[in-house]
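Engineer: Hey, dropping protein_31.csv in here, CSV, C-alpha atoms:
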chain,number,residue,atom,x,y,z
A,1,ALA,CA,61.7,26.2,-75.3
A,2,THR,CA,60.5,29.8,-74.8
A,3,LEU,CA,58.3,31.4,-72.1
A,4,GLU,CA,56.2,34.5,-72.4
A,5,GLY,CA,53.4,36.0,-70.4
A,6,ARG,CA,51.7,39.0,-69.0
A,7,GLY,CA,50.2,40.2,-65.7
A,8,ALA,CA,47.7,42.7,-64.4
A,9,VAL,CA,47.2,44.2,-61.0
A,10,SER,CA,43.9,45.9,-59.9
A,11,LEU,CA,44.1,48.3,-56.9
A,12,ARG,CA,40.5,49.4,-56.9
A,13,HIS,CA,39.3,45.8,-56.4
A,14,PRO,CA,42.5,44.1,-55.3
A,15,ALA,CA,43.3,41.3,-57.7
A,16,LEU,CA,46.3,39.8,-59.6
A,17,GLN,CA,45.9,38.2,-63.0
A,18,LEU,CA,48.6,36.2,-64.7
A,19,ASP,CA,48.8,34.6,-68.2
A,20,LEU,CA,51.8,32.5,-69.2
A,21,THR,CA,52.6,30.4,-72.3
A,22,ALA,CA,55.6,28.0,-72.7
A,23,ARG,CA,56.4,26.8,-76.2
A,24,LEU,CA,58.3,23.5,-76.0
A,25,GLY,CA,61.4,22.8,-78.1
A,26,GLU,CA,60.1,19.3,-78.8
A,27,LEU,CA,56.8,17.4,-78.3
A,28,PHE,CA,56.1,16.0,-74.8
A,29,LEU,CA,53.2,13.6,-74.6
A,30,GLY,CA,52.0,14.8,-78.0
A,31,CYS,CA,51.9,18.5,-77.0
A,32,ASP,CA,54.1,21.4,-78.0
A,33,GLN,CA,52.7,24.3,-75.9
A,34,VAL,CA,51.6,24.8,-72.3
A,35,SER,CA,49.5,27.7,-71.2
A,36,GLY,CA,48.4,28.9,-67.7
A,37,HIS,CA,45.9,31.4,-66.3
A,38,ALA,CA,45.4,32.6,-62.7
A,39,MET,CA,43.1,35.1,-61.1
A,40,LEU,CA,44.0,35.7,-57.4
A,41,ARG,CA,42.3,37.9,-54.8
A,42,PRO,CA,43.0,38.7,-51.1
A,43,ALA,CA,42.1,35.9,-48.7
A,44,ARG,CA,41.9,35.2,-44.9
A,45,HIS,CA,44.9,34.6,-42.7
A,46,PRO,CA,47.1,32.6,-43.0
A,47,GLU,CA,46.5,32.8,-46.7
A,48,HIS,CA,47.4,36.0,-48.5
A,49,VAL,CA,45.7,35.5,-51.8
A,50,ALA,CA,43.5,32.8,-53.3
A,51,GLY,CA,41.7,32.1,-56.5
A,52,ALA,CA,41.2,29.9,-59.5
A,53,ILE,CA,44.0,28.7,-61.8
A,54,SER,CA,43.9,26.7,-65.1
A,55,VAL,CA,46.5,25.0,-67.3
A,56,SER,CA,46.1,23.6,-70.8
A,57,ALA,CA,48.6,21.6,-73.0
A,58,THR,CA,48.0,21.8,-76.7
A,59,LYS,CA,49.5,20.8,-80.1
A,60,GLY,CA,48.8,23.7,-82.4
A,61,SER,CA,45.2,24.7,-81.8
A,62,VAL,CA,44.2,21.2,-80.6
A,63,GLU,CA,43.8,20.8,-76.9
A,64,GLY,CA,45.4,17.7,-75.4
A,65,PHE,CA,45.2,18.1,-71.6
A,66,TYR,CA,43.3,20.6,-69.4
A,67,GLY,CA,43.6,21.1,-65.6
A,68,LYS,CA,42.0,23.5,-63.1
A,69,ALA,CA,42.3,24.0,-59.3
A,70,ASP,CA,41.8,26.5,-56.5
A,71,LEU,CA,45.1,28.0,-55.4
A,72,ALA,CA,45.8,29.5,-51.9
A,73,VAL,CA,49.1,31.3,-51.3
A,74,GLU,CA,50.7,31.6,-47.8
A,75,SER,CA,54.0,33.0,-46.7
A,76,HIS,CA,55.9,29.8,-47.2
A,77,ALA,CA,53.4,27.5,-48.9
A,78,LEU,CA,51.0,26.9,-51.8
A,79,THR,CA,47.8,24.8,-51.4
A,80,LEU,CA,45.9,23.3,-54.3
A,81,ARG,CA,42.3,22.2,-53.7
A,82,ASN,CA,39.6,20.8,-56.0
A,83,MET,CA,42.2,19.8,-58.7
A,84,VAL,CA,40.7,18.3,-61.9
A,85,LEU,CA,42.7,17.1,-64.9
A,86,SER,CA,41.2,15.8,-68.1
A,87,GLN,CA,42.3,14.8,-71.6
A,88,GLU,CA,40.6,15.6,-74.8
A,89,LYS,CA,38.4,12.8,-76.1
A,90,ARG,CA,39.1,10.6,-73.0
A,91,LYS,CA,36.3,10.0,-70.5
A,92,GLY,CA,37.1,10.3,-66.8
A,93,THR,CA,39.1,12.7,-64.6
A,94,LEU,CA,42.1,12.9,-62.2
A,95,ASN,CA,41.0,14.7,-59.1
A,96,GLY,CA,42.8,15.6,-55.9
A,97,HIS,CA,44.5,18.1,-53.6
A,98,GLY,CA,48.1,19.0,-52.7
A,99,ARG,CA,50.4,21.3,-50.9
A,100,ILE,CA,53.9,22.7,-51.5
A,101,ALA,CA,55.8,23.9,-48.4
A,102,PHE,CA,58.9,26.1,-49.2
A,103,THR,CA,61.8,25.2,-46.8
A,104,VAL,CA,65.3,26.7,-46.6
A,105,SER,CA,66.8,23.8,-48.6
A,106,GLU,CA,64.0,22.7,-51.1
A,107,PRO,CA,60.3,22.6,-51.5
A,108,ILE,CA,58.4,19.7,-49.8
A,109,ILE,CA,55.4,18.4,-51.8
A,110,THR,CA,52.4,16.3,-50.6
A,111,ALA,CA,49.5,15.2,-52.7
A,112,ASP,CA,46.6,12.8,-52.8
A,113,LEU,CA,45.1,12.1,-56.2
A,114,THR,CA,42.1,10.0,-57.3
A,115,LEU,CA,41.4,8.5,-60.7
A,116,LYS,CA,37.7,8.5,-61.4
A,117,ASP,CA,36.3,6.3,-64.1
A,118,VAL,CA,39.2,7.0,-66.5
A,119,HIS,CA,38.9,5.2,-69.9
A,120,LEU,CA,42.1,3.5,-70.9
A,121,PHE,CA,41.4,4.2,-74.6
A,122,ARG,CA,40.4,7.6,-75.9
A,123,GLU,CA,37.1,8.2,-77.6
A,124,GLY,CA,35.7,5.0,-76.0
A,125,ALA,CA,36.9,2.9,-79.0
A,126,TYR,CA,37.6,-0.1,-76.6
A,127,PRO,CA,36.4,-1.1,-73.2
A,128,GLY,CA,38.4,-0.5,-70.0
A,129,VAL,CA,37.7,1.9,-67.1
A,130,VAL,CA,40.1,2.4,-64.2
A,131,SER,CA,39.7,4.1,-60.8
A,132,GLY,CA,42.0,4.3,-57.8
A,133,ASN,CA,44.2,6.6,-55.8
A,134,VAL,CA,47.8,7.8,-55.6
A,135,SER,CA,49.6,9.4,-52.6
A,136,VAL,CA,53.0,11.1,-52.9
A,137,GLY,CA,55.3,13.1,-50.6
A,138,GLY,CA,58.8,14.5,-50.8
A,139,SER,CA,60.9,17.0,-52.8
A,140,PRO,CA,61.5,17.2,-56.6
A,141,LYS,CA,65.0,15.7,-55.9
A,142,ALA,CA,63.6,12.8,-53.9
A,143,TYR,CA,60.0,11.7,-53.5
A,144,GLU,CA,58.1,8.5,-52.9
A,145,GLY,CA,54.5,7.3,-52.6
A,146,THR,CA,52.0,4.5,-52.9
A,147,PHE,CA,49.2,3.7,-55.4
A,148,ARG,CA,46.2,1.4,-55.8
A,149,ILE,CA,44.4,1.2,-59.1
A,150,GLY,CA,41.6,-1.1,-60.2
A,151,ALA,CA,40.0,-1.8,-63.6
A,152,ALA,CA,36.3,-2.5,-63.9
A,153,GLY,CA,34.4,-4.5,-66.5
A,154,ALA,CA,33.9,-8.1,-67.5
A,155,ALA,CA,36.0,-10.8,-65.8
A,156,TRP,CA,38.7,-10.6,-68.4
A,157,GLN,CA,38.9,-6.8,-68.2
A,158,SER,CA,39.0,-6.5,-64.4
A,159,GLY,CA,42.1,-6.4,-62.3
A,160,ARG,CA,44.2,-4.3,-59.9
A,161,LEU,CA,47.7,-2.9,-59.5
A,162,GLY,CA,49.1,-1.8,-56.2
A,163,GLY,CA,52.6,-0.9,-55.0
A,164,ARG,CA,55.0,2.0,-54.4
A,165,PHE,CA,57.2,4.4,-56.3
A,166,ASN,CA,60.1,6.7,-55.8
A,167,GLY,CA,62.0,9.1,-58.1
A,168,ASP,CA,63.6,12.5,-58.7
A,169,ILE,CA,63.3,15.4,-61.1
A,170,ASP,CA,64.4,13.3,-64.0
A,171,GLY,CA,62.1,10.2,-63.6
A,172,VAL,CA,60.4,7.7,-61.4
A,173,THR,CA,60.7,4.0,-60.6
A,174,ILE,CA,57.4,2.1,-60.1
A,175,THR,CA,57.3,-1.2,-58.2
A,176,ILE,CA,54.2,-3.4,-58.6
A,177,ALA,CA,54.0,-5.7,-55.6
A,178,ASN,CA,50.2,-6.4,-55.4
A,179,GLY,CA,48.6,-6.8,-58.8
A,180,SER,CA,46.1,-9.2,-60.3
A,181,ALA,CA,44.6,-10.1,-63.7
A,182,LEU,CA,42.6,-13.1,-65.0
A,183,ASN,CA,42.6,-14.4,-61.4
A,184,GLY,CA,46.3,-14.5,-61.4
A,185,ARG,CA,49.2,-12.4,-59.9
A,186,VAL,CA,51.1,-9.5,-61.5
A,187,ASP,CA,54.3,-7.9,-60.3
A,188,GLY,CA,57.4,-6.2,-61.7
A,189,GLU,CA,59.1,-2.9,-62.1
A,190,VAL,CA,58.8,0.0,-64.5
A,191,LYS,CA,61.0,3.1,-64.9
A,192,LEU,CA,59.8,6.3,-66.5
A,193,SER,CA,62.1,9.1,-67.4
A,194,TRP,CA,61.5,12.5,-69.0
A,195,ALA,CA,64.9,14.2,-68.9
A,196,GLN,CA,65.3,13.7,-72.7
A,197,GLY,CA,61.8,13.1,-73.8
A,198,ALA,CA,59.3,10.5,-72.3
A,199,VAL,CA,60.9,7.0,-72.0
A,200,ILE,CA,59.5,3.9,-70.4
A,201,ARG,CA,61.6,0.8,-69.5
A,202,GLY,CA,60.6,-2.2,-67.5
A,203,GLY,CA,59.4,-5.8,-67.0
A,204,LEU,CA,56.3,-7.5,-65.6
A,205,TRP,CA,55.6,-11.0,-64.5
A,206,ALA,CA,52.1,-12.5,-64.8
A,207,ARG,CA,51.6,-15.8,-62.9
A,208,ALA,CA,48.8,-18.3,-62.7
A,209,LEU,CA,46.5,-16.5,-65.2
A,210,ASP,CA,43.3,-18.3,-66.0
A,211,PRO,CA,42.6,-18.3,-69.8
A,212,ALA,CA,39.1,-19.7,-69.2
A,213,LEU,CA,38.0,-16.1,-68.4
A,214,LEU,CA,38.7,-15.3,-72.1
A,215,HIS,CA,36.9,-18.4,-73.4
A,216,LYS,CA,35.3,-21.2,-71.4
A,217,ASP,CA,37.0,-23.9,-73.4
A,218,LEU,CA,40.5,-22.5,-72.8
A,219,ARG,CA,41.3,-24.4,-69.5
A,220,GLY,CA,44.8,-24.1,-68.2
A,221,THR,CA,47.3,-21.9,-66.4
A,222,LEU,CA,49.5,-19.2,-68.1
A,223,ASN,CA,52.7,-17.7,-66.8
A,224,ALA,CA,54.3,-14.9,-68.8
A,225,PHE,CA,57.1,-12.3,-68.7
A,226,ALA,CA,56.9,-9.0,-70.7
A,227,GLU,CA,59.5,-6.4,-71.0
A,228,ALA,CA,59.7,-3.2,-73.1
A,229,GLU,CA,61.8,-0.1,-73.8
A,230,LEU,CA,59.6,2.6,-75.4
A,231,ARG,CA,59.8,6.3,-76.0
A,232,TRP,CA,57.6,9.0,-77.6
A,233,GLY,CA,59.3,10.3,-80.8
A,234,PRO,CA,58.5,13.2,-83.1
A,235,GLU,CA,54.8,13.8,-83.7
A,236,GLY,CA,54.0,11.7,-80.7
A,237,ALA,CA,54.8,8.4,-82.4
A,238,LEU,CA,55.6,5.5,-80.1
A,239,LEU,CA,59.0,4.0,-80.8
A,240,GLY,CA,61.0,1.2,-79.3
A,241,LYS,CA,60.8,-2.6,-78.7
A,242,ALA,CA,58.8,-5.0,-76.6
A,243,SER,CA,58.8,-8.7,-76.0
A,244,LEU,CA,56.5,-11.4,-74.4
A,245,ARG,CA,57.4,-14.9,-73.4
A,246,LEU,CA,55.3,-17.7,-72.0
A,247,ARG,CA,57.0,-19.7,-69.3
A,248,GLU,CA,55.8,-23.1,-67.8
A,249,SER,CA,52.3,-22.7,-69.1
A,250,VAL,CA,49.6,-25.3,-69.6
A,251,LEU,CA,46.5,-25.3,-71.9
A,252,GLN,CA,44.0,-28.1,-72.0
A,253,GLU,CA,46.4,-30.2,-69.8
A,254,LYS,CA,49.1,-29.8,-72.4
A,255,ARG,CA,52.3,-27.8,-72.3
A,256,LEU,CA,52.1,-24.4,-74.0
A,257,SER,CA,55.0,-22.2,-75.2
A,258,GLY,CA,55.2,-18.9,-77.0
A,259,GLU,CA,57.1,-15.7,-77.6
A,260,LEU,CA,56.6,-12.3,-79.3
A,261,GLN,CA,59.2,-9.8,-80.5
A,262,ALA,CA,57.9,-6.5,-81.6
A,263,LEU,CA,59.4,-3.2,-82.8
A,264,PHE,CA,57.6,0.1,-82.8
A,265,LEU,CA,58.9,2.1,-85.8
A,266,PRO,CA,58.1,5.6,-87.2
A,267,LYS,CA,55.9,3.9,-89.8
A,268,GLY,CA,54.2,1.5,-87.4
A,269,LEU,CA,54.4,-1.9,-85.8
A,270,ARG,CA,56.8,-4.6,-86.9
A,271,ILE,CA,56.6,-8.2,-85.7
A,272,ASP,CA,60.0,-9.9,-85.9
A,273,ASN,CA,58.7,-13.1,-84.4
A,274,ALA,CA,55.4,-14.2,-83.0
A,275,LEU,CA,55.0,-17.9,-82.1
A,276,LEU,CA,52.4,-19.8,-80.0
A,277,LYS,CA,53.0,-23.6,-79.8
A,278,GLY,CA,51.2,-26.4,-78.1
A,279,LYS,CA,50.4,-30.0,-78.6
A,280,GLY,CA,48.5,-30.2,-81.8
A,281,PHE,CA,48.7,-26.6,-82.9
A,282,LEU,CA,51.2,-23.9,-84.1
A,283,LEU,CA,50.4,-20.2,-84.7
A,284,SER,CA,53.0,-17.7,-86.1
A,285,ALA,CA,53.2,-14.2,-87.5
A,286,LYS,CA,55.8,-11.7,-88.8
A,287,GLY,CA,56.0,-8.6,-90.8
A,288,THR,CA,55.3,-4.8,-90.7
A,289,LEU,CA,51.8,-3.8,-90.2
A,290,ASP,CA,52.2,-0.7,-92.4
A,291,GLU,CA,53.4,-2.9,-95.3
A,292,ARG,CA,52.4,-6.6,-94.9
A,293,MET,CA,52.1,-8.7,-91.8
A,294,GLU,CA,51.8,-12.4,-92.6
A,295,PHE,CA,50.3,-15.0,-90.3
A,296,GLU,CA,49.9,-18.8,-90.4
A,297,ALA,CA,48.1,-21.4,-88.3
A,298,ASP,CA,48.2,-25.2,-88.2
A,299,VAL,CA,45.9,-27.0,-85.8
A,300,SER,CA,46.0,-30.8,-86.1
A,301,ASP,CA,43.6,-31.4,-83.3
A,302,ILE,CA,41.0,-28.7,-82.7
A,303,ASN,CA,39.5,-30.6,-79.8
A,304,GLY,CA,42.7,-29.9,-77.9
A,305,LEU,CA,41.8,-26.2,-78.0
A,306,PHE,CA,38.0,-26.2,-78.1
A,307,SER,CA,36.2,-29.2,-76.6
A,308,SER,CA,33.0,-28.7,-78.6
A,309,LEU,CA,34.9,-29.1,-81.9
A,310,GLN,CA,36.7,-31.9,-83.6
A,311,GLY,CA,38.9,-32.1,-86.7
A,312,ARG,CA,41.9,-30.4,-88.3
A,313,ALA,CA,42.2,-26.8,-89.5
A,314,GLY,CA,44.8,-24.5,-90.9
A,315,GLY,CA,45.1,-21.2,-92.6
A,316,ARG,CA,47.3,-18.4,-93.7
A,317,GLY,CA,47.0,-14.8,-94.7
A,318,TRP,CA,48.2,-11.3,-94.4
A,319,VAL,CA,47.0,-7.9,-93.1
A,320,ARG,CA,48.0,-4.3,-93.6
A,321,LEU,CA,47.0,-1.0,-91.9
A,322,ARG,CA,48.0,2.1,-93.9
A,323,LYS,CA,46.7,5.6,-93.4
A,324,GLY,CA,43.9,4.3,-91.2
A,325,ARG,CA,42.7,1.8,-93.7
A,326,TRP,CA,42.8,-2.0,-93.3
A,327,ALA,CA,43.5,-4.5,-96.1
A,328,GLY,CA,44.3,-8.2,-96.1
A,329,ALA,CA,43.4,-11.7,-97.1
A,330,ILE,CA,42.9,-15.0,-95.4
A,331,ARG,CA,42.4,-18.6,-96.5
A,332,LEU,CA,41.2,-21.2,-94.0
A,333,GLU,CA,40.9,-25.0,-94.6
A,334,GLY,CA,39.2,-27.5,-92.3
A,335,ARG,CA,39.0,-31.3,-92.6
A,336,SER,CA,36.8,-33.9,-90.8
A,337,MET,CA,35.1,-31.1,-88.9
A,338,ASN,CA,32.5,-32.1,-86.3
A,339,LEU,CA,30.3,-29.7,-84.3
A,340,GLY,CA,27.6,-31.7,-82.5
A,341,ALA,CA,25.4,-33.2,-85.1
A,342,LEU,CA,27.0,-31.1,-87.9
A,343,ARG,CA,29.5,-33.0,-90.0
A,344,CYS,CA,31.8,-31.7,-92.8
A,345,SER,CA,34.5,-33.6,-94.5
A,346,ARG,CA,36.1,-30.5,-95.9
A,347,ILE,CA,35.6,-26.7,-95.7
A,348,ASN,CA,37.5,-24.0,-97.5
A,349,LEU,CA,37.0,-20.3,-96.7
A,350,GLY,CA,38.6,-17.4,-98.4
A,351,ALA,CA,38.2,-13.7,-97.6
A,352,ALA,CA,39.8,-10.5,-98.7
A,353,VAL,CA,39.5,-6.8,-97.7
A,354,ASP,CA,40.4,-4.1,-100.2
A,355,GLU,CA,41.7,-0.8,-98.6
A,356,GLU,CA,40.6,1.3,-101.5
A,357,VAL,CA,37.0,0.3,-101.8
A,358,ARG,CA,36.7,-0.9,-98.2
A,359,GLU,CA,34.7,-4.1,-99.0
A,360,ALA,CA,35.2,-7.7,-98.0
A,361,ILE,CA,35.0,-10.6,-100.5
A,362,LEU,CA,34.0,-13.9,-98.9
A,363,ARG,CA,34.4,-17.2,-100.8
A,364,PRO,CA,33.1,-20.2,-98.8
A,365,LYS,CA,33.1,-23.9,-100.0
A,366,LEU,CA,31.7,-26.8,-98.1
A,367,GLU,CA,31.9,-30.6,-98.8
Can the structure from this file be put into structure tokens for me?
Structural biologist:
Amino acid sequence: ATLEGRGAVSLRHPALQLDLTARLGELFLGCDQVSGHAMLRPARHPEHVAGAISVSATKGSVEGFYGKADLAVESHALTLRNMVLSQEKRKGTLNGHGRIAFTVSEPIITADLTLKDVHLFREGAYPGVVSGNVSVGGSPKAYEGTFRIGAAGAAWQSGRLGGRFNGDIDGVTITIANGSALNGRVDGEVKLSWAQGAVIRGGLWARALDPALLHKDLRGTLNAFAEAELRWGPEGALLGKASLRLRESVLQEKRLSGELQALFLPKGLRIDNALLKGKGFLLSAKGTLDERMEFEADVSDINGLFSSLQGRAGGRGWVRLRKGRWAGAIRLEGRSMNLGALRCSRINLGAAVDEEVREAILRPKLE
């Protein structure tokens, strides 16, 4: 990494201007350069100078993050007010205020931050908006704090996470002790480190989830454990592994089991094993999304999943996502299908999507 900058002092109208640029040796959160600007002027006691500062993180000429605040400088402290942090193509902001007190041994930091309608996905491609607050205090070598964050939206989108965290200059450990989703409980521990690039490790328990919030016919109780070890590689690619296991779960008064083993590779997502099994149905998938991911379903009793339907169904197919273009094919077959007054002894449905011409071909057949 390299650091360069310049400064200017005005004596006629007292002011100090600073411009700094740090070029990172490797990408951090998808950015390779951090730039800062400050314009400070004399202030009232106990502050010596005060003014506006701004920071931007970019990759090449594309801006990733932007932050601004009002800075006040005292003899042994810095105070930040009206802080605002935003990300390109992501709605919502991180607001707050903080203070750094310089002691004989080490600086002491306190801060209160507020998430305001932050969209989980950039460019609004998917729903999900979060708000909440985070409080932290301590030194870079040892700090701790609390957080409370909630997600707004439909019943299946809403939830909350609450707990505490502690860490040092190399990373932080987050303990979730008061979380909820799908009317159930969420808890666990996640560790983030950035000493050698951004890395995340941890595990989460989700207990007594209500799948009926996803679909009214999915009555039951879900218990799941998820764990992951992920890092951001070159060019900002997400790398690592993740798993999900269903434990002691029930769907439509029948036992439900399942697991998912996934790898995040430089070329994309690979599913080593995905399995969902219950009385009367079996769903599975495996493969690499960039090449060919295959999936298969066998449902001997649809009524066991959806009370309004009767019959047997099955299907198989594949899907691929390459250079932002989807391709795939699927073939579904149903037998003795009943939906209210509608009867069908046999139904076959085939569909295919071509990634070159971006069109879908549908081939239905009813008997």
Engineer: Give me the residues within 12 Å of stretch 197-202 of chain A as a ChimeraX atom specification, counting all atoms listed in the file and dropping any in the same chain fewer than 4 places off.
Structural biologist: /A:24-31,170-176,187-193,225-234,236-243
Engineer: How close does each residue of stretch 259-279 of chain A get to stretch 321-335 of chain A, giving the shortest atom pair and distance in Å to one decimal for every residue with an atom at most 12 Å away, counting only C-alpha atoms, sorted by chain and residue number, as a Markdown table?
Structural biologist:
| residue | atom | partner | partner_atom | distance |
| --- | --- | --- | --- | --- |
| A:Lys267 | CA | A:Arg322 | CA | 9.1 |
| A:Gly268 | CA | A:Leu321 | CA | 8.9 |
| A:Leu269 | CA | A:Leu321 | CA | 9.6 |
| A:Arg270 | CA | A:Leu321 | CA | 11.6 |
Engineer: Generate a file of the selected residues that holds C-alpha atoms, formatted as a compact mmCIF listing (two decimals), keeping the file's coordinate frame.
Structural biologist:
# COMPACT_ATOMS: atom_id res chain seq x y z
CA LYS A 267 55.90 3.90 -89.80
CA GLY A 268 54.20 1.50 -87.40
CA LEU A 269 54.40 -1.90 -85.80
CA ARG A 270 56.80 -4.60 -86.90
Engineer: Within 6 Å of (49.3, 18.5, -53.4) in the file's own coordinates, which protein, DNA or RNA residues have an atom, counting all atoms listed in the file? List them as an MDAnalysis selection string.
Structural biologist: chainID A and resid 80 97:99 110:111
Engineer: Have a look at A:Glu248, A:Ile169, A:Asn178, A:Asp301 and name the one nearest to A:Ala208; count only C-alpha atoms.
Structural biologist: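 Distance minimum relative to A:Ala208 lands on A:Glu248.
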Engineer: Please provide the set of residues having any atom within 9 Å of A:Asn338, restricted to only C-alpha atoms, with same-chain residues fewer than 5 positions apart removed, written as a ChimeraX atom specification.
Structural biologist: /A:308-311,343-345
Engineer: Under the rule that only C-alpha atoms are counted, which of A:Phe121, A:Phe295, A:Phe281, A:Phe102 is the nearest residue to A:Leu256?
Structural biologist: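 Closest candidate: A:Phe281.
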Engineer: Quick one, how far is atom CA of A:Asn133 from atom CA of A:Arg164?
Structural biologist: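 Computing the Euclidean distance for atom CA of A:Asn133 and atom CA of A:Arg164 yields 11.8 Å.
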Engineer: Of the candidates A:Ile109, A:Val130, A:Ala15, A:Ile271, which one gets nearest to A:Arg160 if we count all atoms listed in the file?
Structural biologist: A:Val130
Engineer: So the first atom is atom CA of A:Ala57 and the second is atom CA of A:Gly7; what is the distance between them in Å, to one decimal place?
Structural biologist: 20.0 Å
Engineer: So, counting all atoms listed in the file, which residue among A:Leu161, A:Ala352, A:Leu16, A:Leu3 is closest to A:Val34?
Structural biologist: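 Smallest separation from A:Val34 among the options: A:Leu3.
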Engineer: My list of candidates is A:Gly162, A:Thr103, A:Gly317, A:Val118. Which is closest to A:Leu85 when distances are computed with all atoms listed in the file?
Structural biologist: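 Of A:Gly162, A:Thr103, A:Gly317, A:Val118, the one nearest A:Leu85, counting all atoms listed in the file, is A:Val118.
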Engineer: Report the distance between atom CA of A:Val104 and atom CA of A:Val9 in Å, rounded to one decimal place.
Structural biologist: 29.0 Å
Engineer: Contacts of A:Asn223 at 8 Å or less, counting all atoms listed in the file, minus same-chain residues fewer than 2 places along, as a PDB file with C-alpha atoms, in the frame of the given file?
Structural biologist:
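Listed below is the output, result_12.pdb:
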ATOM      1  CA  TRP A 205      55.600 -11.000 -64.500  1.00  0.00           C
ATOM      2  CA  ALA A 206      52.100 -12.500 -64.800  1.00  0.00           C
ATOM      3  CA  ARG A 207      51.600 -15.800 -62.900  1.00  0.00           C
ATOM      4  CA  ALA A 208      48.800 -18.300 -62.700  1.00  0.00           C
ATOM      5  CA  LEU A 209      46.500 -16.500 -65.200  1.00  0.00           C
ATOM      6  CA  THR A 221      47.300 -21.900 -66.400  1.00  0.00           C
ATOM      7  CA  PHE A 225      57.100 -12.300 -68.700  1.00  0.00           C
ATOM      8  CA  LEU A 246      55.300 -17.700 -72.000  1.00  0.00           C
ATOM      9  CA  ARG A 247      57.000 -19.700 -69.300  1.00  0.00           C
ATOM     10  CA  GLU A 248      55.800 -23.100 -67.800  1.00  0.00           C
ATOM     11  CA  SER A 249      52.300 -22.700 -69.100  1.00  0.00           C
TER      12      SER A 249
END
Engineer: Please determine, counting all atoms listed in the file, which residue among A:Trp318, A:Gly280, A:Leu204, A:Asp112 has the shortest atom-to-atom distance to A:Arg292.
Structural biologist: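 Using all atoms listed in the file, A:Arg292 sits closest to A:Trp318.
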Engineer: Which residues are near A:Leu182? Cut-off 7 Å, only C-alpha atoms, ignore same chain within fewer than 5 positions. Put them as an mmCIF file with C-alpha atoms, in the coordinates of the input.
Structural biologist:
data_model
loop_
_atom_site.group_PDB
_atom_site.id
_atom_site.type_symbol
_atom_site.label_atom_id
_atom_site.label_comp_id
_atom_site.auth_asym_id
_atom_site.auth_seq_id
_atom_site.Cartn_x
_atom_site.Cartn_y
_atom_site.Cartn_z
ATOM 1 C CA TRP A 156 38.700 -10.600 -68.400
ATOM 2 C CA LEU A 209 46.500 -16.500 -65.200
ATOM 3 C CA ASP A 210 43.300 -18.300 -66.000
ATOM 4 C CA LEU A 213 38.000 -16.100 -68.400
#
